[in-house]
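A.B. asks: Right, I'll just put the structure down here and ask away after.
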Amino acid sequence: MTKSLVTGGAGFIGSHLVETCLAHGHEVIVLDNLSTGKKENLPAGQTGLQFVEGDITDRQILHQIAGAHPDIDYVFHLAALVSVPQAMAEPARAHAVNFDGTLLLMETFRGSALKKFIFASSSAVYGDTKTVPVPETAATQPVSTYGADKLMAEHYLRIYNDAFNLPFVACRFFNVFGERQDPSSPYSGVISIFFDRALACRNGEREPLVIYGDGQQTRDFIYVGDVANALVFLAESGAVRGTVFNLGYGKQTTVAELARKIMKLVGVDCDVEFQEPRAGDIRYSAADISQLHTTQFAFAYSLDQGLQLLWRCLKGM
Ligand code: NAD
Ligand code: UD2
């Protein structure tokens, strides 16, 4: 039986990945410190799923897991301190998790029979690139400590791949959205915030939906179900190793258009307030996904289908 370790498995993307791994017949061990994740995100009482509450920076826990499970096939490494403002406010703390934690995990599996180490990287490695859509070969110039740590981890993965035969795949996620994304922080994903606002508006609250800037900035929004599918596909594809992939749909949507789509789905016409652009906001962002197209992977969803699935879930809550 295939065995997978998912760090950050109780988080937004991680919990979807766990479901996909289980659906593919994997036995799954989740390692999560529940700093932003929740145990309730994981399927309850599921056979083949083991939850370990612990920190990726804890050497002892990593050795315990690797010792108890010498037959782990895949490590999906998603645990991270994901808030960019927090990573800027506390660079050393963020680095300890986002880089040192990743290195510890690589080191734990050096010399093991691991088939692949799959790393959740970010479009943040590019910084404010002028190349849109941006290919993986574009210059990387992160503008945040978060992006710099993700990039440094990619470099180490390549070195471990080449020098120590630890196969890896790194996926640079663009803007991921879907069920279980937490809308509660001002830096939460814009889709979760817009749905939250639109629902409040539907319930008669008068708080406006806020667009920072003129709303013409673009993002490449990708539904979490496709991210989870891609990660498992790239893990299981024997021929794929030592490669970095962009993970987006390769399509740009403006924030204003997104607001319209969400209000239409929810059936409301909320007040929209335009505020000053956010400091450091990137103007245009989209993935060049030619590299992903060299594999047999096919997306199962689209932005509109993902929005509909998310809306169906929120309606039922
Ligand atoms: P999330 O906060 O929901 O998930 C992160 C998970 O990691 C949480 O469950 C958290 O409790 C856990 N965690 C954090 N620090 C830990 C530690 N030291 N030890 C053990 N567990 C720890 O965020 P997410 O959006 O699901 O992000 C998952 C991954 O995807 C992250 O690596 C993030 O950098 C990357 N990513 C996400 C996006 C996006 O659009 N959401 C974009 C680019 C990259
Ligand atoms: C994403 C990541 C961030 C980092 C960054 C790197 C998420 C949630 N954030 O930030 O972690 O990797 O990329 O470039 O994936 N907006 C509004 N109104 C709102 C909220 C947001 O107009 O209420 C705008 C915001 O100013 C931005 C766009 O929507 O122009 C997307 O915002 P976001 O926070 O969802 O994601 P982003 O791309 O800024």
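Naming works like this for the structure tokens: A, B, ... for the chains as they're shown, residue 1 at the start of each chain, ligands 1 onward in shown order.
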Which residues of chain A sit at most 6 Å from ligand 2, using only C-alpha atoms and all ligand atoms? Give each one's shortest atom pair and distance in Å (one decimal place), in chain and ascending residue order, as a Markdown table.
C.D. replies:
```
| residue | atom | partner | partner_atom_place_in_ligand_line | distance |
| --- | --- | --- | --- | --- |
| A:Ser83 | CA | ligand 2 | 11 (O) | 5.8 |
| A:Val84 | CA | ligand 2 | 11 (O) | 5.4 |
| A:Ser122 | CA | ligand 2 | 12 (O) | 5.9 |
| A:Ser123 | CA | ligand 2 | 6 (C) | 5.9 |
| A:Ala124 | CA | ligand 2 | 6 (C) | 3.9 |
| A:Asn175 | CA | ligand 2 | 15 (O) | 4.6 |
| A:Val176 | CA | ligand 2 | 15 (O) | 5.9 |
| A:Tyr187 | CA | ligand 2 | 34 (O) | 5.1 |
| A:Ser188 | CA | ligand 2 | 8 (C) | 4.8 |
| A:Gly189 | CA | ligand 2 | 8 (C) | 3.4 |
| A:Val190 | CA | ligand 2 | 35 (O) | 3.7 |
| A:Ile193 | CA | ligand 2 | 23 (O) | 5.6 |
| A:Val210 | CA | ligand 2 | 18 (N) | 5.0 |
| A:Ile211 | CA | ligand 2 | 22 (O) | 3.4 |
| A:Tyr212 | CA | ligand 2 | 22 (O) | 4.0 |
| A:Gln217 | CA | ligand 2 | 30 (O) | 5.8 |
| A:Val255 | CA | ligand 2 | 29 (O) | 5.7 |
| A:Arg278 | CA | ligand 2 | 26 (O) | 5.4 |
| A:Asp281 | CA | ligand 2 | 30 (O) | 5.7 |
```
A.B. asks: So that I can check the surroundings of Ala300 (chain A), please list as a ChimeraX atom specification every protein, DNA and RNA residue that reaches within 9 Å of it, counting only C-alpha atoms and ignoring chain neighbours fewer than 3 positions away.
C.D. replies: /A:225-226,229
A.B. asks: Please determine, counting only C-alpha atoms, which residue among A:Leu247, A:Leu209, A:Val224, A:Cys201 has the shortest atom-to-atom distance to Val268 (chain A).
C.D. replies: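 Ranked by minimum distance to Val268 (chain A), first place goes to A:Cys201.
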A.B. asks: Identify, counting only C-alpha atoms and all ligand atoms, the protein, DNA and RNA residues located within 8 Å of ligand 1, and give them as a PyMOL selection string.
C.D. replies: chain A and resi 7-15+31-38+53-57+77-83+97-98+101+119-124+146+150+172-177+181-182+189
A.B. asks: Under the rule that only C-alpha atoms are counted, which of A:Pro91, A:Pro135, A:Pro186, A:Gly178 is the nearest residue to Asp149 (chain A)?
C.D. replies: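 Among A:Pro91, A:Pro135, A:Pro186, A:Gly178, it is A:Pro91 that comes nearest to Asp149 (chain A).
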A.B. asks: May I have a table of the residues of region 129-248 of chain A lying at most 7 Å from region 303-306 of chain A, giving each one's closest pair of atoms and their distance in Å to one decimal, counting only C-alpha atoms, ordered by chain and ascending residue number, as JSON lines?
C.D. replies:
```
{"residue": "A:Gly178", "atom": "CA", "partner": "A:Gly306", "partner_atom": "CA", "distance": 6.8}
{"residue": "A:Phe221", "atom": "CA", "partner": "A:Leu303", "partner_atom": "CA", "distance": 6.6}
{"residue": "A:Ile222", "atom": "CA", "partner": "A:Leu303", "partner_atom": "CA", "distance": 6.3}
{"residue": "A:Tyr223", "atom": "CA", "partner": "A:Gly306", "partner_atom": "CA", "distance": 5.3}
```
A.B. asks: Restricted to N, CA and C atoms, what would the selected residues look like written as a compact mmCIF listing (two decimals), in the first residue's frame?
C.D. replies:
```txt
# COMPACT_ATOMS: atom_id res chain seq x y z
N GLY A 178 -11.09 27.78 -2.29
CA GLY A 178 -12.01 26.65 -2.17
C GLY A 178 -12.52 26.50 -0.75
N PHE A 221 -6.51 32.46 -10.33
CA PHE A 221 -7.15 31.72 -9.25
C PHE A 221 -7.32 30.27 -9.65
N ILE A 222 -6.92 29.37 -8.76
CA ILE A 222 -7.05 27.94 -9.05
C ILE A 222 -7.80 27.25 -7.92
N TYR A 223 -8.74 26.39 -8.32
CA TYR A 223 -9.57 25.67 -7.34
C TYR A 223 -8.74 24.59 -6.64
```
A.B. asks: Running DSSP on the backbone, which parts of region 234-283 of chain A land in strand (DSSP E), as a ChimeraX atom specification?
C.D. replies: /A:243-247,253-254,272-275
A.B. asks: With a distance cut-off of 10 Å and only C-alpha atoms, select the neighbouring residues of region 66-75 of chain A, excluding the residue or stretch itself and same-chain residues fewer than 2 positions from it, and output the selection as an NGL selection string.
C.D. replies: :A and (1-7 or 26-29 or 60-64 or 77-78 or 105-106 or 108-109 or 112-119 or 167-168 or 232 or 235-236)
A.B. asks: Please list as a list of chain:residue names every residue within 9 Å of region 258-261 of chain A, counting only C-alpha atoms and excluding residues in the same chain fewer than 4 positions away.
C.D. replies: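 Counting only the stated atoms, we get A:Ile191, A:Phe194, A:Phe195, A:Leu209, A:Ile211, A:Gly215, A:Thr253, A:Thr254, A:Leu265, A:Val266, A:Asp269, A:Val272, A:Asp304, A:Leu307.
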A.B. asks: Take the residues just selected and output them with N, CA, C and O atoms as a CSV table (one decimal), in the first residue's frame.
C.D. replies:
```
chain,number,residue,atom,x,y,z
A,191,ILE,N,-11.1,35.6,-2.5
A,191,ILE,CA,-12.3,34.9,-2.8
A,191,ILE,C,-13.1,34.5,-1.5
A,191,ILE,O,-14.3,34.7,-1.4
A,194,PHE,N,-14.5,37.8,-0.2
A,194,PHE,CA,-15.7,38.3,-1.0
A,194,PHE,C,-16.9,37.5,-0.8
A,194,PHE,O,-18.0,38.0,-0.7
A,195,PHE,N,-16.8,36.2,-0.6
A,195,PHE,CA,-18.0,35.4,-0.3
A,195,PHE,C,-18.5,35.7,1.1
A,195,PHE,O,-19.7,35.8,1.3
A,209,LEU,N,-18.3,45.5,0.3
A,209,LEU,CA,-17.2,44.7,-0.3
A,209,LEU,C,-16.1,45.6,-0.7
A,209,LEU,O,-16.3,46.6,-1.4
A,211,ILE,N,-12.6,46.8,-2.5
A,211,ILE,CA,-11.6,46.5,-3.6
A,211,ILE,C,-10.5,47.4,-3.4
A,211,ILE,O,-10.7,48.6,-3.3
A,215,GLY,N,-9.3,47.7,-9.0
A,215,GLY,CA,-9.9,46.4,-9.3
A,215,GLY,C,-9.4,45.8,-10.6
A,215,GLY,O,-9.9,44.7,-11.0
A,253,THR,N,-7.8,36.9,-14.1
A,253,THR,CA,-9.1,37.4,-13.8
A,253,THR,C,-8.9,38.7,-13.0
A,253,THR,O,-8.1,38.7,-12.0
A,254,THR,N,-9.6,39.7,-13.3
A,254,THR,CA,-9.4,41.0,-12.5
A,254,THR,C,-10.2,40.8,-11.2
A,254,THR,O,-11.2,40.1,-11.2
A,265,LEU,N,-23.4,35.0,-8.2
A,265,LEU,CA,-23.6,33.6,-7.7
A,265,LEU,C,-24.5,33.7,-6.4
A,265,LEU,O,-25.4,32.9,-6.2
A,266,VAL,N,-24.2,34.7,-5.5
A,266,VAL,CA,-24.9,34.8,-4.3
A,266,VAL,C,-26.2,35.5,-4.4
A,266,VAL,O,-27.1,35.4,-3.6
A,269,ASP,N,-26.3,42.5,-4.7
A,269,ASP,CA,-25.7,43.6,-5.4
A,269,ASP,C,-25.2,44.5,-4.2
A,269,ASP,O,-25.8,45.5,-3.9
A,272,VAL,N,-19.9,48.4,-3.2
A,272,VAL,CA,-18.5,48.1,-3.4
A,272,VAL,C,-17.8,49.4,-3.1
A,272,VAL,O,-18.1,50.5,-3.6
A,304,ASP,N,-14.8,29.1,-12.7
A,304,ASP,CA,-16.3,29.2,-12.5
A,304,ASP,C,-16.8,27.9,-11.8
A,304,ASP,O,-17.7,28.0,-10.9
A,307,LEU,N,-15.9,28.1,-8.2
A,307,LEU,CA,-16.7,29.1,-7.5
A,307,LEU,C,-18.1,28.5,-7.2
A,307,LEU,O,-18.6,28.7,-6.1
```
A.B. asks: For the structure I just gave you, how does DSSP split region 121-311 of chain A - specifically, which residues are alpha helix (DSSP H)? Reply as a PyMOL selection string.
C.D. replies: chain A and resi 145-164+190-202+224-236+255-266+290-293+303-311
